[in-house]
Each structure stands twice: as structure tokens, then as C-alpha cells.
>>> print(open('coords30.cif').read())   # mmCIF, C-alpha atoms and all ligand atoms
data_run
loop_
_atom_site.label_atom_id
_atom_site.label_comp_id
_atom_site.auth_asym_id
_atom_site.auth_seq_id
_atom_site.Cartn_x
_atom_site.Cartn_y
_atom_site.Cartn_z
CA MET A 1 10.64 15.05 27.57
CA ALA A 2 7.70 14.97 25.18
CA LEU A 3 5.05 13.15 23.17
CA ILE A 4 4.62 14.00 19.48
CA ILE A 5 1.31 13.54 17.65
CA LYS A 6 0.47 13.10 13.97
CA PRO A 7 -3.30 12.62 13.72
CA ASP A 8 -5.07 10.89 10.83
CA LEU A 9 -8.35 12.81 10.82
CA GLU A 10 -9.51 16.24 11.88
CA HIS A 11 -11.66 16.10 14.99
CA ALA A 12 -13.83 18.79 16.51
CA ARG A 13 -11.28 19.11 19.33
CA PRO A 14 -7.56 19.14 18.59
CA TRP A 15 -5.93 15.91 19.85
CA ARG A 16 -3.37 18.03 21.73
CA GLU A 17 -6.10 19.42 24.02
CA VAL A 18 -7.30 15.92 24.86
CA PHE A 19 -3.74 14.81 25.66
CA LEU A 20 -3.08 17.86 27.86
CA GLU A 21 -6.25 17.13 29.80
CA THR A 22 -5.69 13.37 30.21
CA LEU A 23 -1.90 13.24 30.49
CA PRO A 24 -0.86 16.65 31.85
CA GLU A 25 2.58 15.40 32.92
CA GLN A 26 3.65 14.93 29.26
CA GLU A 27 4.54 17.85 27.03
CA CYS A 28 2.55 17.31 23.82
CA ARG A 29 3.99 18.56 20.52
CA GLU A 30 2.37 18.83 17.10
CA TRP A 31 4.05 17.00 14.19
CA ASP A 32 4.95 20.18 12.32
CA ARG A 33 6.56 21.74 15.45
CA PRO A 34 8.70 18.92 16.88
CA GLY A 35 11.31 21.11 18.60
CA ASP A 36 14.39 19.26 19.82
CA PRO A 37 14.09 15.69 18.41
CA GLU A 38 16.10 14.33 21.36
CA ALA A 39 13.24 15.29 23.69
CA ILE A 40 10.67 13.07 21.94
CA GLU A 41 10.05 9.85 23.90
CA TYR A 42 6.60 8.90 22.63
CA ALA A 43 4.95 9.16 19.21
CA PHE A 44 1.19 8.87 18.60
CA VAL A 45 0.87 8.63 14.84
CA TRP A 46 -0.99 7.64 11.71
CA ALA A 47 1.06 7.03 8.53
CA PRO A 48 4.15 9.08 9.37
CA PRO A 49 6.46 9.65 6.39
CA SER A 50 9.04 6.87 5.96
CA GLY A 51 12.17 7.56 7.99
CA ALA A 52 10.56 10.25 10.18
CA LEU A 53 10.35 8.20 13.40
CA LYS A 54 14.03 7.35 13.12
CA THR A 55 14.89 11.02 13.65
CA PHE A 56 13.82 10.73 17.31
CA PRO A 57 16.81 9.00 18.95
CA ASN A 58 15.20 8.62 22.41
CA LEU A 59 11.87 7.15 21.36
CA LYS A 60 10.50 4.72 23.98
CA CYS A 61 7.27 3.68 22.29
CA ILE A 62 5.30 4.23 19.05
CA PHE A 63 1.50 4.32 19.42
CA SER A 64 -0.59 3.62 16.33
CA ILE A 65 -3.71 5.77 16.12
CA GLY A 66 -5.42 2.84 14.40
CA ALA A 67 -5.87 -0.84 15.19
CA GLY A 68 -3.95 -1.70 12.03
CA VAL A 69 -0.21 -1.08 11.96
CA ASP A 70 0.53 -1.69 8.28
CA HIS A 71 0.93 2.11 7.96
CA LEU A 72 3.94 1.86 10.32
CA LEU A 73 5.52 -1.45 9.33
CA LYS A 74 5.83 -0.39 5.69
CA ASP A 75 8.52 2.13 6.80
CA PRO A 76 11.87 0.49 5.94
CA ASP A 77 13.57 2.83 8.43
CA LEU A 78 11.32 2.15 11.39
CA PRO A 79 13.58 2.38 14.47
CA ASP A 80 14.62 -1.09 15.70
CA GLY A 81 13.78 -2.22 19.19
CA VAL A 82 11.14 0.44 19.92
CA PRO A 83 7.84 -1.22 20.92
CA ILE A 84 4.83 -0.52 18.70
CA VAL A 85 1.43 -0.43 20.38
CA ARG A 86 -1.69 -0.84 18.27
CA MET A 87 -4.97 0.86 19.10
CA VAL A 88 -7.32 -1.21 21.22
CA GLU A 89 -10.05 0.97 22.69
CA PRO A 90 -13.65 0.16 23.51
CA GLU A 91 -15.31 2.70 21.22
CA LEU A 92 -13.31 1.58 18.18
CA THR A 93 -14.46 -1.95 18.93
CA GLN A 94 -18.08 -0.85 19.43
CA GLY A 95 -18.05 1.05 16.11
CA MET A 96 -16.85 -2.01 14.21
CA THR A 97 -19.46 -4.21 15.86
CA GLU A 98 -22.17 -1.78 14.75
CA TYR A 99 -20.83 -1.73 11.17
CA VAL A 100 -20.49 -5.51 10.88
CA THR A 101 -23.87 -6.20 12.47
CA MET A 102 -25.61 -3.69 10.21
CA HIS A 103 -24.13 -5.11 7.00
CA VAL A 104 -24.50 -8.78 7.98
CA LEU A 105 -28.18 -8.14 8.78
CA ARG A 106 -28.64 -6.25 5.50
CA PHE A 107 -27.35 -9.19 3.46
CA HIS A 108 -29.07 -11.79 5.64
CA ARG A 109 -32.45 -10.04 5.24
CA GLU A 110 -31.95 -9.65 1.44
CA GLY A 111 -31.73 -5.86 1.81
CA PRO A 112 -30.17 -5.26 -1.64
CA ALA A 113 -32.85 -7.37 -3.41
CA LEU A 114 -35.67 -5.60 -1.54
CA GLU A 115 -34.18 -2.18 -2.35
CA ALA A 116 -34.04 -3.18 -6.05
CA GLN A 117 -37.66 -4.36 -5.92
CA GLN A 118 -38.74 -1.04 -4.44
CA ARG A 119 -36.91 0.87 -7.19
CA ASP A 120 -38.81 -1.24 -9.77
CA ARG A 121 -42.16 -1.06 -7.85
CA VAL A 122 -42.22 -4.84 -7.53
CA TRP A 123 -44.30 -6.43 -4.74
CA ASN A 124 -42.58 -9.80 -4.34
CA GLU A 125 -42.75 -11.43 -0.93
CA LEU A 126 -39.16 -12.56 -0.53
CA ILE A 127 -38.95 -15.20 2.16
CA VAL A 128 -35.74 -15.08 4.19
CA PRO A 129 -34.54 -17.67 6.71
CA THR A 130 -33.91 -16.64 10.30
CA ALA A 131 -30.40 -16.16 11.70
CA PRO A 132 -29.77 -19.72 12.97
CA SER A 133 -29.75 -21.00 9.39
CA ARG A 134 -27.44 -18.25 8.09
CA ARG A 135 -23.74 -19.10 8.15
CA VAL A 136 -21.44 -16.14 8.83
CA GLY A 137 -17.65 -16.51 8.84
CA PHE A 138 -14.91 -14.18 10.09
CA LEU A 139 -11.55 -14.07 8.33
CA GLY A 140 -9.41 -12.96 11.27
CA PHE A 141 -10.77 -13.35 14.77
CA GLY A 142 -9.04 -10.78 16.95
CA VAL A 143 -10.36 -8.01 19.17
CA LEU A 144 -12.76 -6.54 16.60
CA ALA A 145 -14.16 -9.75 15.07
CA GLN A 146 -14.70 -11.34 18.47
CA ASP A 147 -16.85 -8.45 19.64
CA SER A 148 -18.91 -8.51 16.42
CA ALA A 149 -19.34 -12.28 16.89
CA ARG A 150 -20.63 -11.70 20.42
CA VAL A 151 -23.54 -9.64 19.05
CA LEU A 152 -24.22 -11.89 16.03
CA ASN A 153 -24.16 -14.90 18.37
CA ALA A 154 -26.82 -13.26 20.53
CA LEU A 155 -28.94 -12.90 17.37
CA GLY A 156 -28.51 -16.62 16.74
CA PHE A 157 -26.30 -16.68 13.61
CA ASP A 158 -24.35 -19.84 12.77
CA LEU A 159 -20.80 -18.53 13.24
CA ALA A 160 -17.28 -19.64 12.36
CA CYS A 161 -13.88 -18.02 12.33
CA TRP A 162 -10.52 -18.49 10.63
CA SER A 163 -7.35 -17.36 12.36
CA ARG A 164 -3.67 -18.27 12.73
CA THR A 165 -4.21 -19.91 16.13
CA ALA A 166 -7.25 -21.93 17.23
CA LYS A 167 -9.97 -20.17 19.24
CA THR A 168 -12.37 -21.42 21.89
CA VAL A 169 -15.35 -19.07 21.84
CA ASP A 170 -18.89 -20.24 22.63
CA GLY A 171 -21.07 -20.43 19.53
CA VAL A 172 -18.17 -20.00 17.07
CA GLN A 173 -16.63 -22.90 15.15
CA SER A 174 -12.88 -22.34 14.92
CA PHE A 175 -10.76 -23.07 11.84
CA ARG A 176 -7.07 -22.30 11.74
CA GLY A 177 -4.12 -22.05 9.41
CA ALA A 178 -3.75 -23.06 5.78
CA ASP A 179 -5.55 -26.41 6.26
CA GLY A 180 -8.53 -24.77 7.90
CA LEU A 181 -9.21 -22.19 5.22
CA ASP A 182 -11.03 -24.35 2.62
CA PRO A 183 -13.51 -25.99 5.04
CA PHE A 184 -14.12 -22.58 6.63
CA LEU A 185 -14.93 -21.03 3.24
CA ALA A 186 -17.11 -23.97 2.16
CA ARG A 187 -19.52 -23.31 5.04
CA THR A 188 -19.56 -19.48 4.88
CA GLU A 189 -22.43 -17.58 3.22
CA ILE A 190 -21.54 -14.13 4.57
CA LEU A 191 -17.76 -13.58 4.74
CA VAL A 192 -16.48 -10.77 7.00
CA CYS A 193 -12.81 -9.86 6.58
CA LEU A 194 -11.20 -8.37 9.70
CA LEU A 195 -7.63 -9.48 9.09
CA PRO A 196 -4.60 -7.23 9.51
CA LEU A 197 -2.68 -6.48 6.31
CA THR A 198 0.55 -8.49 6.38
CA PRO A 199 2.66 -10.13 3.67
CA GLU A 200 0.67 -13.33 4.34
CA THR A 201 -2.77 -11.75 3.99
CA ASP A 202 -2.04 -9.36 1.10
CA GLY A 203 -4.42 -10.20 -1.77
CA ILE A 204 -6.20 -12.96 0.15
CA LEU A 205 -9.62 -11.85 -1.17
CA ASN A 206 -9.06 -13.20 -4.67
CA ALA A 207 -10.76 -15.37 -7.31
CA GLY A 208 -9.39 -18.61 -5.83
CA LEU A 209 -10.85 -17.78 -2.42
CA PHE A 210 -14.22 -16.66 -3.81
CA ALA A 211 -14.49 -19.94 -5.79
CA LYS A 212 -14.38 -21.87 -2.50
CA LEU A 213 -17.37 -20.02 -1.02
CA PRO A 214 -20.90 -21.31 -1.69
CA ARG A 215 -22.28 -19.78 -4.90
CA GLY A 216 -24.00 -16.45 -4.22
CA ALA A 217 -22.07 -15.64 -1.02
CA TRP A 218 -21.69 -12.09 0.26
CA LEU A 219 -18.47 -10.27 1.14
CA ILE A 220 -17.91 -7.60 3.79
CA ASN A 221 -14.35 -6.22 3.87
CA ALA A 222 -13.55 -3.85 6.72
CA GLY A 223 -9.92 -5.02 6.99
CA ARG A 224 -7.66 -3.31 4.47
CA GLY A 225 -7.87 -2.58 0.75
CA GLY A 226 -4.64 -4.55 0.29
CA HIS A 227 -6.57 -7.72 1.12
CA GLN A 228 -8.67 -7.46 -2.00
CA ILE A 229 -7.91 -8.11 -5.65
CA GLU A 230 -10.46 -5.65 -6.95
CA GLU A 231 -10.78 -7.11 -10.47
CA ASP A 232 -11.56 -10.49 -8.92
CA ILE A 233 -14.37 -9.01 -6.81
CA LEU A 234 -15.92 -7.47 -9.94
CA ASP A 235 -15.58 -10.77 -11.84
CA ALA A 236 -17.11 -12.76 -8.97
CA LEU A 237 -20.06 -10.33 -8.85
CA GLU A 238 -20.49 -10.58 -12.61
CA SER A 239 -20.48 -14.40 -12.57
CA GLY A 240 -22.86 -14.60 -9.59
CA GLN A 241 -20.26 -16.33 -7.41
CA LEU A 242 -20.68 -13.29 -5.13
CA SER A 243 -24.17 -11.83 -4.69
CA GLY A 244 -22.93 -8.59 -3.21
CA ALA A 245 -20.07 -6.83 -1.49
CA THR A 246 -19.77 -4.17 1.19
CA LEU A 247 -16.36 -2.57 0.95
CA ASP A 248 -15.03 -0.04 3.46
CA VAL A 249 -11.41 -0.18 2.33
CA PHE A 250 -9.68 -0.02 -1.06
CA ARG A 251 -6.23 -0.44 -2.57
CA SER A 252 -6.31 3.25 -3.45
CA GLU A 253 -7.93 5.62 -0.94
CA PRO A 254 -9.78 7.88 -1.48
CA LEU A 255 -11.43 5.54 -3.99
CA PRO A 256 -10.76 7.12 -7.42
CA LYS A 257 -13.80 8.70 -9.08
CA GLU A 258 -13.45 6.34 -12.06
CA SER A 259 -13.64 3.18 -9.93
CA PRO A 260 -16.44 0.84 -11.10
CA PHE A 261 -17.31 0.15 -7.46
CA TRP A 262 -18.99 3.54 -7.02
CA ALA A 263 -21.87 2.80 -9.36
CA HIS A 264 -21.99 -0.98 -9.08
CA PRO A 265 -25.56 -2.02 -8.23
CA ARG A 266 -24.43 -4.80 -5.90
CA VAL A 267 -21.62 -2.99 -4.10
CA THR A 268 -21.88 -0.74 -1.07
CA VAL A 269 -18.93 1.64 -0.76
CA THR A 270 -18.09 3.32 2.55
CA PRO A 271 -15.07 5.63 2.94
CA HIS A 272 -12.92 3.73 5.45
CA ILE A 273 -15.19 4.62 8.35
CA ALA A 274 -16.30 1.17 9.49
CA SER A 275 -14.83 2.21 12.79
CA VAL A 276 -12.88 5.27 13.84
CA THR A 277 -10.65 5.73 16.89
CA GLN A 278 -12.45 7.94 19.40
CA GLN A 279 -10.34 10.64 21.02
CA LYS A 280 -11.13 10.37 24.72
CA SER A 281 -10.98 6.62 25.09
CA ALA A 282 -7.94 6.39 22.78
CA VAL A 283 -5.96 8.93 24.80
CA GLU A 284 -6.92 7.12 28.01
CA GLN A 285 -5.39 3.90 26.61
CA VAL A 286 -2.21 5.72 25.55
CA ALA A 287 -1.92 7.50 28.92
CA ALA A 288 -2.29 4.20 30.80
CA ASN A 289 0.45 2.63 28.67
CA ILE A 290 2.81 5.59 29.10
CA ARG A 291 2.32 5.37 32.86
CA ARG A 292 3.10 1.63 32.69
CA ILE A 293 6.31 2.31 30.76
CA GLU A 294 7.34 5.06 33.17
CA ALA A 295 6.77 2.60 36.04
CA GLY A 296 9.09 0.10 34.36
CA GLU A 297 6.32 -2.20 33.07
CA ALA A 298 5.85 -3.43 29.51
CA PRO A 299 3.09 -1.68 27.51
CA LEU A 300 -0.10 -3.56 26.60
CA ASN A 301 -1.20 -4.44 23.04
CA THR A 302 2.25 -4.48 21.50
CA VAL A 303 2.74 -5.62 17.92
CA ASP A 304 4.85 -8.59 16.86
CA ARG A 305 6.96 -7.08 14.08
CA VAL A 306 7.69 -10.50 12.58
CA LEU A 307 4.01 -11.51 12.35
CA GLY A 308 3.12 -7.98 11.23
CA TYR A 309 0.23 -7.38 13.64
P1 LIG A 401 -6.21 -8.32 16.00
O1 LIG A 401 -6.85 -8.35 17.34
O2 LIG A 401 -4.72 -8.24 15.91
O3 LIG A 401 -6.71 -9.62 15.21
C1 LIG A 401 -6.16 -10.05 14.01
C2 LIG A 401 -6.73 -11.42 13.67
O4 LIG A 401 -6.23 -11.83 12.39
C3 LIG A 401 -6.29 -12.51 14.67
O5 LIG A 401 -7.36 -13.38 14.91
C4 LIG A 401 -5.17 -13.23 13.92
O6 LIG A 401 -5.01 -14.59 14.29
C5 LIG A 401 -5.68 -13.13 12.50
N1 LIG A 401 -4.58 -13.32 11.54
C6 LIG A 401 -3.51 -12.53 11.32
N2 LIG A 401 -2.72 -13.05 10.36
C7 LIG A 401 -3.32 -14.20 9.98
C8 LIG A 401 -3.00 -15.19 9.02
N3 LIG A 401 -1.88 -15.13 8.28
N4 LIG A 401 -3.82 -16.26 8.90
C9 LIG A 401 -4.94 -16.35 9.65
N5 LIG A 401 -5.31 -15.42 10.57
C10 LIG A 401 -4.50 -14.37 10.73
O7 LIG A 401 -6.77 -7.12 15.12
P2 LIG A 401 -8.12 -6.28 15.29
O8 LIG A 401 -7.97 -5.26 16.34
O9 LIG A 401 -9.26 -7.21 15.39
O10 LIG A 401 -8.14 -5.50 13.88
C11 LIG A 401 -8.14 -6.22 12.66
C12 LIG A 401 -7.90 -5.29 11.49
O11 LIG A 401 -9.06 -4.52 11.23
C13 LIG A 401 -6.82 -4.23 11.66
O12 LIG A 401 -5.53 -4.77 11.46
C14 LIG A 401 -7.18 -3.21 10.60
O13 LIG A 401 -6.53 -3.53 9.38
C15 LIG A 401 -8.69 -3.39 10.44
N6 LIG A 401 -9.45 -2.21 10.89
C16 LIG A 401 -10.21 -1.54 10.00
C17 LIG A 401 -10.97 -0.48 10.40
C18 LIG A 401 -11.88 0.23 9.44
O14 LIG A 401 -12.45 1.27 9.78
N7 LIG A 401 -12.09 -0.29 8.26
C19 LIG A 401 -10.96 -0.06 11.74
C20 LIG A 401 -10.16 -0.74 12.62
C21 LIG A 401 -9.41 -1.83 12.20
P3 LIG A 401 -4.59 -15.02 15.80
O15 LIG A 401 -5.77 -14.64 16.65
O16 LIG A 401 -4.40 -16.47 15.69
O17 LIG A 401 -3.36 -14.22 16.13
C1 LIG A 402 -8.49 1.87 10.94
O1 LIG A 402 -8.45 1.54 9.81
C2 LIG A 402 -7.73 1.26 11.99
O2 LIG A 402 -6.79 0.50 11.69
O3 LIG A 402 -8.04 1.52 13.16
#
>>> encode(input="coords30.cif", output="C-alpha cells")
Amino acid sequence: MALIIKPDLEHARPWREVFLETLPEQECREWDRPGDPEAIEYAFVWAPPSGALKTFPNLKCIFSIGAGVDHLLKDPDLPDGVPIVRMVEPELTQGMTEYVTMHVLRFHREGPALEAQQRDRVWNELIVPTAPSRRVGFLGFGVLAQDSARVLNALGFDLACWSRTAKTVDGVQSFRGADGLDPFLARTEILVCLLPLTPETDGILNAGLFAKLPRGAWLINAGRGGHQIEEDILDALESGQLSGATLDVFRSEPLPKESPFWAHPRVTVTPHIASVTQQKSAVEQVAANIRRIEAGEAPLNTVDRVLGY
């Protein structure tokens, strides 16, 4: 019986080597050499072609290489009844916390304005408030956002979150559901999107939402490109409703060369690298879950297919 892998990115070491070292009891097969499909019990994948997973009749579990599972749930032929496990691993979380902290601090400390002043050789002593008077809000408050909030809380930021269910986290005001969204937005100067992409969150970063933020707010989107209506971001920047945006994800990736975001003076573009699954700790999580399944236990971090995350 075997595990099949379809990696998303090239790494210095082939994933197969890391699996063989960490989980020697499982035969590990590359995607382009699957062998007998009946032997495949586990799949560790990023964006497999639609219908491909259905060709493995004895699949026991699908492991997403990423935290997001929209790349799997968009497959109309995803095999029914097979659990899907999303990636939760400490280094992926750490990477996102570093990204969010860096870009929140950059906006908070007026980084873009200071960089523009330097370009123009302007000596203008911009006075910035300290963190306790800066209101940061998280759209989505799961594994990744909660760790970022832990660090921003230690720096003293005034934090809030919006999620489907209420949260009780020290130093973070919780807003939930449709009724909670407007008051959450009204108090948020730096908006960090760490939602999963689901039918409910598709296009959530739109003109209507931006209009409910205080004028001159900043946007950081490290969720998914499908969250953003890109024309609306450009319009909100043009009107001054948004002061700036840091975008790691886009509706079309790689971001097309002709996109206006590349050269926009108030947009920072990063190529979907806010956080990247790290091989060793990812394979350790998968190995632990496979051992749970083989011992008759349910895997951890399974996805609710109805909710979409
Ligand atoms: P998670 O633990 O599943 O958290 C998701 C959060 O979103 C939860 O707080 C959930 O609310 C909330 N949510 C979902 N649907 C909602 C809705 N309709 N209304 C309000 N809140 C809703 O996910 P995670 O591990 O933190 O990852 C979040 C996302 O980050 C991933 O799905 C992926 O798209 C993205 N990501 C991006 C990168 C990158 O490099 N750019 C890297 C990793 C992940 P409840 O808590 O109430 O359930
Ligand atoms: C990356 O985008 C992930 O979902 O982990």
C-alpha cells in the first residue's frame, strides 16, 4: 500500500526523500509514476487535476500541502467520504506571523510615506502613534491569524477579529457573523485578511466592505486572490478610502505582467509566499496522522466539506 505525492513547489530536497526518512513504513510514489492505483491509500497533494483523486479507489485520506483547501474542493469529482486534512504545521504558522507582523508594522509606522519622502529627498518629521492607539482587525481568526495576533498583542496593538463563531482570546475583541462585520470594519485601521476561500467569502474584499472601513485604512491580504475584487481595490486606493495595500495573493497567479498592481505606488506585491509549508515539519504532521488512521483513530485537522474549510 502506498502514499502518492504531488508537490506544489520545488524544494532543495525532493519531498519523497523526506517522506522515506520520516515515514519509512509507507511506500512513497511520485505523481507521474502512480503504479497500481488500487495500492494508493494516501495522497499528499497541491491542486491535483480535477477527477484525478477519484482514480484511487482505496484512498483513506487526502492531505493538503497547504492550509487552504480551495484547490481540492473545487474538484467536482472529489471522492466522497474520504477525509481531507488541511496543513497545520508550526513553521507555516511562524512564517505567516512574520509576514503579518512585518506588514502591519510597516503600515503602522508610515513606512510607505517615509519611503516616498526619501525618494523625493524630503525631510518631514512624520509623527506616528504607538501601537496601543492603532486598531488592527483580522478577517478570519483561525490558526494563522491567532498566532499573528499573539505577537501583535505583545507589541500592544488594539486588536479585533471577525469570524463565523465567537472567540475568547485575551486582548482581542471578537465580532462574529453577518451582524458583527460592520462594527468590526468601523473600528479597523489595518485590515488583515486570513480567511479561507469559500462560496461565502469569495469577493468579500469589495467596494462595499472598503466603504465601511475608516477613511485611509490599509489592507493586507494573505488569504486568497478570490477574496478580492481587484478593480475595487484600485478604485479605493484612487479615492483615498484605502491608503495602501499589501497583496500576497491574486485572482490570477502568477500575477500577469500587465496588472496595474505591479507598478502601483501604494501597493506591495508578493508572489504568494506570505507563508510556505516547510518540508520536515509538514511531513511529521502527515506521518502522525497516518499513524493515527492506521491505529483506528480519526485524523486531526480535518476539513468540513460543507463549510469549505
Ligand atoms: P483556519 O484555522 O481554518 O481559520 C479560518 C478562519 O476563517 C476561522 O476563524 C473561521 O471562523 C473564519 N471563517 C471561515 N469562513 C468564514 C465566514 N463565512 N465568515 C466569517 N469567518 C469565517 O485557517 P488558517 O489555517 O488560519 O488559514 C487561513 C487561510 O490562509 C487559508 O485558508 C489559506 O487560504 C490562507 N493561507 C495563505 C497563505 C499564503 O502564503 N498567502 C499561506 C497559508 C494559508 P471560525 O473560527 O468561526 O470557524
Ligand atoms: C498557501 O497558500 C496555503 O494555503 O498554505
>>> closest_residue(input="coords30.cif", among="A:Arg121, A:Arg13, A:His71, A:Lys257", to="ligand LIG 401 (chain A)", atoms="only C-alpha atoms and all ligand atoms")
A:His71
>>> closest_atom_pairs(input="coords30.cif", of="range 99-182 of chain A", to="range 47-70 of chain A", cutoff="12 Å", atoms="only C-alpha atoms", output="tab-separated table")
residue	atom	partner	partner_atom	distance
A:Gly142	CA	A:Ala67	CA	10.6
A:Val143	CA	A:Ala67	CA	9.3
A:Leu144	CA	A:Ala67	CA	9.1
>>> closest_atom_pairs(input="coords30.cif", of="chain A", to="ligand LIG 401 (chain A)", cutoff="6 Å", atoms="only C-alpha atoms and all ligand atoms", output="CSV")
residue,atom,partner,partner_atom,distance
A:Ala67,CA,A:LIG401,C21,4.7
A:Gly68,CA,A:LIG401,O12,3.5
A:Gly140,CA,A:LIG401,O4,3.6
A:Phe141,CA,A:LIG401,O5,3.4
A:Gly142,CA,A:LIG401,O3,3.1
A:Val143,CA,A:LIG401,O1,4.0
A:Leu144,CA,A:LIG401,O9,3.8
A:Ala145,CA,A:LIG401,O9,5.5
A:Ser163,CA,A:LIG401,N5,3.3
A:Arg164,CA,A:LIG401,O16,3.5
A:Thr165,CA,A:LIG401,O16,3.5
A:Gly177,CA,A:LIG401,C9,5.8
A:Leu194,CA,A:LIG401,O11,4.7
A:Leu195,CA,A:LIG401,O4,4.3
A:Pro196,CA,A:LIG401,O12,3.3
A:Leu197,CA,A:LIG401,O13,5.7
A:Glu200,CA,A:LIG401,N3,5.0
A:Thr201,CA,A:LIG401,N3,5.5
A:Ala222,CA,A:LIG401,N7,4.1
A:Gly223,CA,A:LIG401,C15,4.0
A:Arg224,CA,A:LIG401,O13,5.0
A:Asp248,CA,A:LIG401,N7,5.6
A:Val249,CA,A:LIG401,N7,6.0
A:His272,CA,A:LIG401,N7,5.0
A:Ile273,CA,A:LIG401,O14,4.6
A:Ala274,CA,A:LIG401,O14,3.9
A:Ser275,CA,A:LIG401,O14,4.0
A:Val276,CA,A:LIG401,O14,5.7
A:Tyr309,CA,A:LIG401,O2,5.5
>>> residues_around(input="coords30.cif", residues="range 31-33 of chain A", least_positions_apart="3", cutoff="7 Å", atoms="only C-alpha atoms", output="CSV table (one decimal) with C-alpha atoms, in the frame of the given file")
chain,number,residue,atom,x,y,z
A,4,ILE,CA,4.6,14.0,19.5
A,5,ILE,CA,1.3,13.5,17.6
A,6,LYS,CA,0.5,13.1,14.0
>>> closest_residue(input="coords30.cif", among="A:Ala217, A:Leu255, A:Val151, A:Cys161", to="Met102 in chain A", atoms="only C-alpha atoms")
A:Val151
>>> residues_around(input="coords30.cif", residues="Leu237 in chain A", least_positions_apart="5", cutoff="12 Å", atoms="all atoms listed in the file", output="PyMOL selection string")
chain A and resi 207+210-211+215-219+230-232+242-246+260-261+264-267
>>> atom_distance(input="coords30.cif", atom1="CA of Gly226 in chain A", atom2="CA of Leu72 in chain A")
14.7 Å
>>> closest_residue(input="coords30.cif", among="A:Ala149, A:Ala43, A:Leu181, A:Ala282", to="ligand LIG 402 (chain A)", atoms="only C-alpha atoms and all ligand atoms")
A:Ala282
>>> closest_residue(input="coords30.cif", among="A:Gln241, A:Gln117, A:Thr130, A:Thr93", to="ligand LIG 402 (chain A)", atoms="only C-alpha atoms and all ligand atoms")
A:Thr93
>>> closest_residue(input="coords30.cif", among="A:Arg29, A:Arg291, A:Arg86, A:Lys74", to="ligand LIG 402 (chain A)", atoms="all atoms listed in the file")
A:Arg86
>>> residues_around(input="coords30.cif", residues="Pro7 in chain A", least_positions_apart="6", cutoff="8 Å", atoms="all atoms listed in the file", output="PyMOL selection string")
chain A and resi 15+44-46+65
>>> residues_around(input="coords30.cif", residues="Ile190 in chain A", least_positions_apart="4", cutoff="9 Å", atoms="only C-alpha atoms", output="PyMOL selection string")
chain A and resi 104+107-108+134-138+217-220
>>> residues_around(input="coords30.cif", residues="Ile204 in chain A", least_positions_apart="4", cutoff="9 Å", atoms="all atoms listed in the file", output="ChimeraX atom specification")
/A:200,208-209,226-229
>>> closest_residue(input="coords30.cif", among="A:Leu185, A:Leu23, A:Leu78, A:Ala131", to="Leu213 in chain A", atoms="all atoms listed in the file")
A:Leu185
>>> atom_distance(input="coords30.cif", atom1="CA of Arg187 in chain A", atom2="CA of Gly171 in chain A")
14.9 Å
>>> atom_distance(input="coords30.cif", atom1="CA of Pro90 in chain A", atom2="CA of Ser281 in chain A")
7.2 Å
